[in-house]
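Inspection log for the structure reproduced underneath, given as structure tokens.
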Amino acid sequence: HIAKNASHKHLVFVLNKIDLVPNWVAKRWIGELSAVRPTIAFHASMTHAFGKGALISLLRQFGKLHSDKKQISVGCIGYPIVGKSSVINTLISKKSCNVAPIPGETKIWQCITLFKNIFLIDCPGVVVDTAGDSEVDSVLKGVVRAERLEPPQDFIDPILESVKREHVAAQYGLPKDGDGTWKDSLELMEMIARKSGRLLKGGEPCTRSAAISIINDYQRGRLPHYVAPPELKDEDDSAAAKIAGITGVSQDLDEVGEENMKDDEEKEGASSDEANKEAEDDKKSEDAKDA
């Protein structure tokens, strides 16, 4: 839509929650998407962010590219619960936008100042009609709240097809094989319901509440899953997309992980401090004008 109806606007892909998938998956998807648009790997966090410095550097370059304009606005668009508000909070290093692991938390557009000439716009989740998503696709992408599904049990089989058995067993404390494991989705829901004490009258397991729990865990990343990336291409065939006046930013995805988060924070701390200082200077300047 943007390419057809607003070709003068720049589009950047930000892959948030990059810490929830294996590094090789992230690297291949970044290689695939960066051939189309500038792509940034990101992990939104107030204390252990990844990709913050790279994204700020890219936004600064866009600001300089359009230095003839008084200001530029950067809209954060995407499906519900992908972390748009969290990305903005990470960039400005404070909680300015409300966040929640449920679709529909952001209900209005909100404009936040990053620098004196760059503004970030937080907006509600966008569901693309042209994507051709089925009802199952919409649920798996987090567009629909699990509590509103009727019946939620129908969506468990597709989830089990995309999540490895060992991850399901680890999440709910169940054996992944042997006599004590589950044979189908119904047995799994019954086992989870009994284990968590979700019982109906007569001691029957409540499969509905168990299904809602599974769907919520899937949507919130507690059940690891990912879409398989395309086959690895030759370096000559995967050249990054270029924008005149914009220099690409490099990232080392091997640094993503708990053991390296502190290192990431230190490396990106300079960019964060610089952003905060400029925002403070802008505020002081505005206060002086008002006075």
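Labeling convention for the structure tokens: chains A, B, ... as they appear, residues from 1 per chain, ligands from 1 in order of appearance.
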Set the distance at 6 Å and use only C-alpha atoms: which residues neighbour Ile118 of chain A once local chain neighbours fewer than 2 positions away are removed? I'd like the list as a CSV table (one decimal) with all heavy atoms, in the first residue's frame.
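This went into out26.csv:
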```csv
chain,number,residue,atom,x,y,z
A,71,GLN,N,10.5,19.2,10.2
A,71,GLN,CA,10.5,18.0,11.1
A,71,GLN,C,10.1,16.8,10.2
A,71,GLN,O,9.5,17.0,9.1
A,71,GLN,CB,9.5,18.2,12.2
A,71,GLN,CG,8.1,18.3,11.8
A,71,GLN,CD,7.1,18.5,12.9
A,71,GLN,OE1,7.4,19.3,13.8
A,71,GLN,NE2,6.0,17.8,12.9
A,72,ILE,N,10.4,15.6,10.7
A,72,ILE,CA,9.9,14.4,10.0
A,72,ILE,C,9.2,13.5,11.0
A,72,ILE,O,9.6,13.5,12.2
A,72,ILE,CB,11.1,13.6,9.3
A,72,ILE,CG1,12.1,13.1,10.4
A,72,ILE,CG2,11.8,14.4,8.3
A,72,ILE,CD1,13.1,12.2,9.8
A,73,SER,N,8.2,12.8,10.6
A,73,SER,CA,7.4,12.0,11.5
A,73,SER,C,7.7,10.5,11.1
A,73,SER,O,7.6,10.2,9.9
A,73,SER,CB,5.9,12.3,11.4
A,73,SER,OG,5.7,13.6,11.8
A,114,LEU,N,11.4,12.3,19.6
A,114,LEU,CA,12.7,11.6,19.8
A,114,LEU,C,13.8,12.6,19.8
A,114,LEU,O,14.6,12.6,20.7
A,114,LEU,CB,12.9,10.6,18.6
A,114,LEU,CG,14.2,9.8,18.6
A,114,LEU,CD1,14.3,9.0,19.9
A,114,LEU,CD2,14.3,8.9,17.4
A,115,PHE,N,13.9,13.5,18.7
A,115,PHE,CA,14.8,14.6,18.7
A,115,PHE,C,14.0,15.8,18.3
A,115,PHE,O,12.8,15.7,18.0
A,115,PHE,CB,15.9,14.3,17.6
A,115,PHE,CG,16.7,13.1,17.9
A,115,PHE,CD1,16.8,12.1,16.9
A,115,PHE,CD2,17.3,12.9,19.1
A,115,PHE,CE1,17.5,10.9,17.1
A,115,PHE,CE2,18.0,11.7,19.3
A,115,PHE,CZ,18.1,10.7,18.4
A,116,LYS,N,14.6,17.0,18.2
A,116,LYS,CA,13.9,18.2,17.9
A,116,LYS,C,13.2,18.2,16.5
A,116,LYS,O,12.3,18.9,16.3
A,116,LYS,CB,14.8,19.4,18.1
A,116,LYS,CG,16.0,19.4,17.1
A,116,LYS,CD,16.9,20.6,17.3
A,116,LYS,CE,18.0,20.7,16.4
A,116,LYS,NZ,18.9,21.8,16.6
```
Original post:
Excluding same-chain residues fewer than 3 positions from Phe42 of chain A, what lies within 9 Å of it counting only C-alpha atoms, as a PyMOL selection string?
Top reply: chain A and resi 14-19+49-52+54-55+87
Could you write out the selected residues, including N, CA, C and O atoms, as an mmCIF file, in the first residue's frame?
```
data_model
loop_
_atom_site.group_PDB
_atom_site.id
_atom_site.type_symbol
_atom_site.label_atom_id
_atom_site.label_comp_id
_atom_site.auth_asym_id
_atom_site.auth_seq_id
_atom_site.Cartn_x
_atom_site.Cartn_y
_atom_site.Cartn_z
ATOM 1 N N VAL A 14 11.581 -3.317 10.905
ATOM 2 C CA VAL A 14 12.163 -3.531 12.232
ATOM 3 C C VAL A 14 11.669 -4.874 12.739
ATOM 4 O O VAL A 14 10.476 -5.055 12.986
ATOM 5 N N LEU A 15 12.577 -5.840 12.877
ATOM 6 C CA LEU A 15 12.214 -7.175 13.344
ATOM 7 C C LEU A 15 12.352 -7.215 14.857
ATOM 8 O O LEU A 15 13.433 -7.484 15.395
ATOM 9 N N ASN A 16 11.253 -6.936 15.543
ATOM 10 C CA ASN A 16 11.276 -6.916 17.007
ATOM 11 C C ASN A 16 11.170 -8.341 17.559
ATOM 12 O O ASN A 16 10.827 -9.279 16.855
ATOM 13 N N LYS A 17 11.468 -8.477 18.851
ATOM 14 C CA LYS A 17 11.436 -9.771 19.554
ATOM 15 C C LYS A 17 12.401 -10.763 18.906
ATOM 16 O O LYS A 17 12.133 -11.960 18.823
ATOM 17 N N ILE A 18 13.525 -10.235 18.441
ATOM 18 C CA ILE A 18 14.502 -11.051 17.729
ATOM 19 C C ILE A 18 15.107 -12.121 18.630
ATOM 20 O O ILE A 18 15.652 -13.128 18.170
ATOM 21 N N ASP A 19 14.987 -11.919 19.953
ATOM 22 C CA ASP A 19 15.550 -12.871 20.905
ATOM 23 C C ASP A 19 14.715 -14.135 21.035
ATOM 24 O O ASP A 19 15.147 -15.098 21.684
ATOM 25 N N ALA A 49 18.362 -3.635 25.759
ATOM 26 C CA ALA A 49 17.896 -3.521 24.379
ATOM 27 C C ALA A 49 18.961 -3.974 23.393
ATOM 28 O O ALA A 49 20.159 -3.908 23.667
ATOM 29 N N PHE A 50 18.513 -4.445 22.239
ATOM 30 C CA PHE A 50 19.420 -4.767 21.130
ATOM 31 C C PHE A 50 18.891 -4.070 19.880
ATOM 32 O O PHE A 50 17.699 -4.112 19.599
ATOM 33 N N GLY A 51 19.765 -3.436 19.136
ATOM 34 C CA GLY A 51 19.368 -2.753 17.912
ATOM 35 C C GLY A 51 18.976 -1.299 18.103
ATOM 36 O O GLY A 51 18.663 -0.608 17.130
ATOM 37 N N LYS A 52 18.995 -0.825 19.342
ATOM 38 C CA LYS A 52 18.590 0.551 19.618
ATOM 39 C C LYS A 52 19.514 1.553 18.938
ATOM 40 O O LYS A 52 19.060 2.486 18.259
ATOM 41 N N ALA A 54 21.482 1.068 16.399
ATOM 42 C CA ALA A 54 21.390 0.960 14.940
ATOM 43 C C ALA A 54 20.170 1.695 14.405
ATOM 44 O O ALA A 54 20.246 2.403 13.390
ATOM 45 N N LEU A 55 19.026 1.558 15.083
ATOM 46 C CA LEU A 55 17.811 2.225 14.622
ATOM 47 C C LEU A 55 17.902 3.736 14.786
ATOM 48 O O LEU A 55 17.483 4.496 13.910
ATOM 49 N N VAL A 87 8.956 -0.612 21.187
ATOM 50 C CA VAL A 87 10.079 -0.080 20.408
ATOM 51 C C VAL A 87 10.248 1.415 20.676
ATOM 52 O O VAL A 87 11.362 1.902 20.896
#
```
Original post:
Could you write out, as a PyMOL selection string, all the residues of segment 33-229 of chain A that DSSP marks as strand (DSSP E or B)?
Top reply: chain A and resi 39-41+43+50+72-76+110-115+118-122+199+205
**OP:** With a distance cut-off of 10 Å and only C-alpha atoms, select the neighbouring residues of segment 174-184 of chain A, excluding the residue or stretch itself and same-chain residues fewer than 4 positions from it, and output the selection as a list in words.
**Re:**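 Selected residues are Ile156, Asp157, Leu160, Lys164, Arg165, Glu166, His167, Val168, Ala169, Ala170, Leu188, Met189, Glu190, Met191, Ile192 and Lys195 of chain A.
Restricting the calculation to only C-alpha atoms, the smallest distance between Val74 of chain A and any of A:Leu120, A:Arg145, A:Arg37, A:Trp29 is found for A:Leu120.
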Original post:
Pick the closest to Ile81 of chain A from A:Ile112, A:Ala41, A:Ile212, A:Cys123: which is it, counting only C-alpha atoms?
Top reply: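 That would be A:Cys123, the residue with the smallest distance to Ile81 of chain A.
Using only C-alpha atoms, the nearest neighbour of His10 of chain A within the list A:Gly63, A:Gly132, A:Pro124, A:Gly173 is A:Gly63.
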**OP:** Identify, on the basis of only C-alpha atoms, every residue whose closest approach to Pro224 of chain A does not exceed 8 Å; exclude the query and any residue fewer than 2 positions from it along the same chain; express the result as an MDAnalysis selection string.
**Re:** chainID A and resid 20:21 163:164 167 218 221:222 226
**OP:** Check the smallest atom-to-atom distance from each of A:His43, A:Lys9, A:Arg28, A:Arg148 to Gly83 of chain A using only C-alpha atoms, then report the winner.
**Re:**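 When distances to Gly83 of chain A are compared using only C-alpha atoms, the smallest one comes from A:His43.
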Original post:
So which bits of segment 168-252 of chain A end up alpha helix (DSSP H) when you DSSP the backbone, as a PyMOL selection string?
Top reply: chain A and resi 168-172+185-196+207-219
Write the residues of the selection above to a file with C-alpha atoms, as a short mmCIF file (atom, residue, chain, number, x, y, z; two decimals), in the first residue's frame.
```
data_model
loop_
_atom_site.label_atom_id
_atom_site.label_comp_id
_atom_site.auth_asym_id
_atom_site.auth_seq_id
_atom_site.Cartn_x
_atom_site.Cartn_y
_atom_site.Cartn_z
CA VAL A 168 5.19 -27.70 24.73
CA ALA A 169 6.29 -30.30 27.29
CA ALA A 170 8.77 -27.87 28.88
CA GLN A 171 6.22 -25.05 29.12
CA TYR A 172 3.60 -27.13 30.91
CA SER A 185 -4.67 -31.91 21.34
CA LEU A 186 -7.68 -32.93 23.44
CA GLU A 187 -5.53 -35.02 25.77
CA LEU A 188 -3.06 -32.14 26.06
CA MET A 189 -5.80 -29.68 27.05
CA GLU A 190 -7.20 -32.14 29.60
CA MET A 191 -3.75 -32.70 31.12
CA ILE A 192 -3.07 -28.95 31.35
CA ALA A 193 -6.50 -28.31 32.86
CA ARG A 194 -6.02 -30.98 35.54
CA LYS A 195 -2.47 -29.84 36.29
CA SER A 196 -3.59 -26.24 36.78
CA THR A 207 -10.61 -27.72 28.00
CA ARG A 208 -11.81 -24.24 27.06
CA SER A 209 -9.69 -22.48 29.69
CA ALA A 210 -6.75 -24.74 28.86
CA ALA A 211 -7.07 -23.84 25.18
CA ILE A 212 -7.16 -20.12 26.01
CA SER A 213 -4.00 -20.55 28.08
CA ILE A 214 -2.21 -22.33 25.21
CA ILE A 215 -3.23 -19.66 22.68
CA ASN A 216 -2.09 -16.86 25.00
CA ASP A 217 1.25 -18.59 25.57
CA TYR A 218 1.69 -18.95 21.81
CA GLN A 219 0.83 -15.33 21.06
#
```
**OP:** Go through A:Ala44, A:Val136, A:Trp24, A:Ser57 one by one, measure the shortest atom-to-atom distance of each to Lys95 of chain A using only C-alpha atoms, and give the residue with the smallest value.
**Re:**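 Of A:Ala44, A:Val136, A:Trp24, A:Ser57, the one nearest Lys95 of chain A, counting only C-alpha atoms, is A:Ala44.
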Subject >> Between atom CA of Trp109 of chain A and atom CA of Asp122 of chain A, distance in Å (one decimal) >> reply: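 Separation of atom CA of Trp109 of chain A and atom CA of Asp122 of chain A: 5.6 Å.
Counting only C-alpha atoms, Lys94 of chain A has the following residues at most 8 Å away, ignoring those fewer than 3 positions along the same chain: Met46, Asn89 and Thr90 of chain A.
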Deliver the residues from the most recent selection as a file, using C-alpha atoms, as a CSV table (one decimal), in the first residue's frame.
```csv
chain,number,residue,atom,x,y,z
A,46,MET,CA,14.3,-0.6,28.9
A,89,ASN,CA,9.6,3.3,24.7
A,90,THR,CA,13.0,1.7,24.1
```
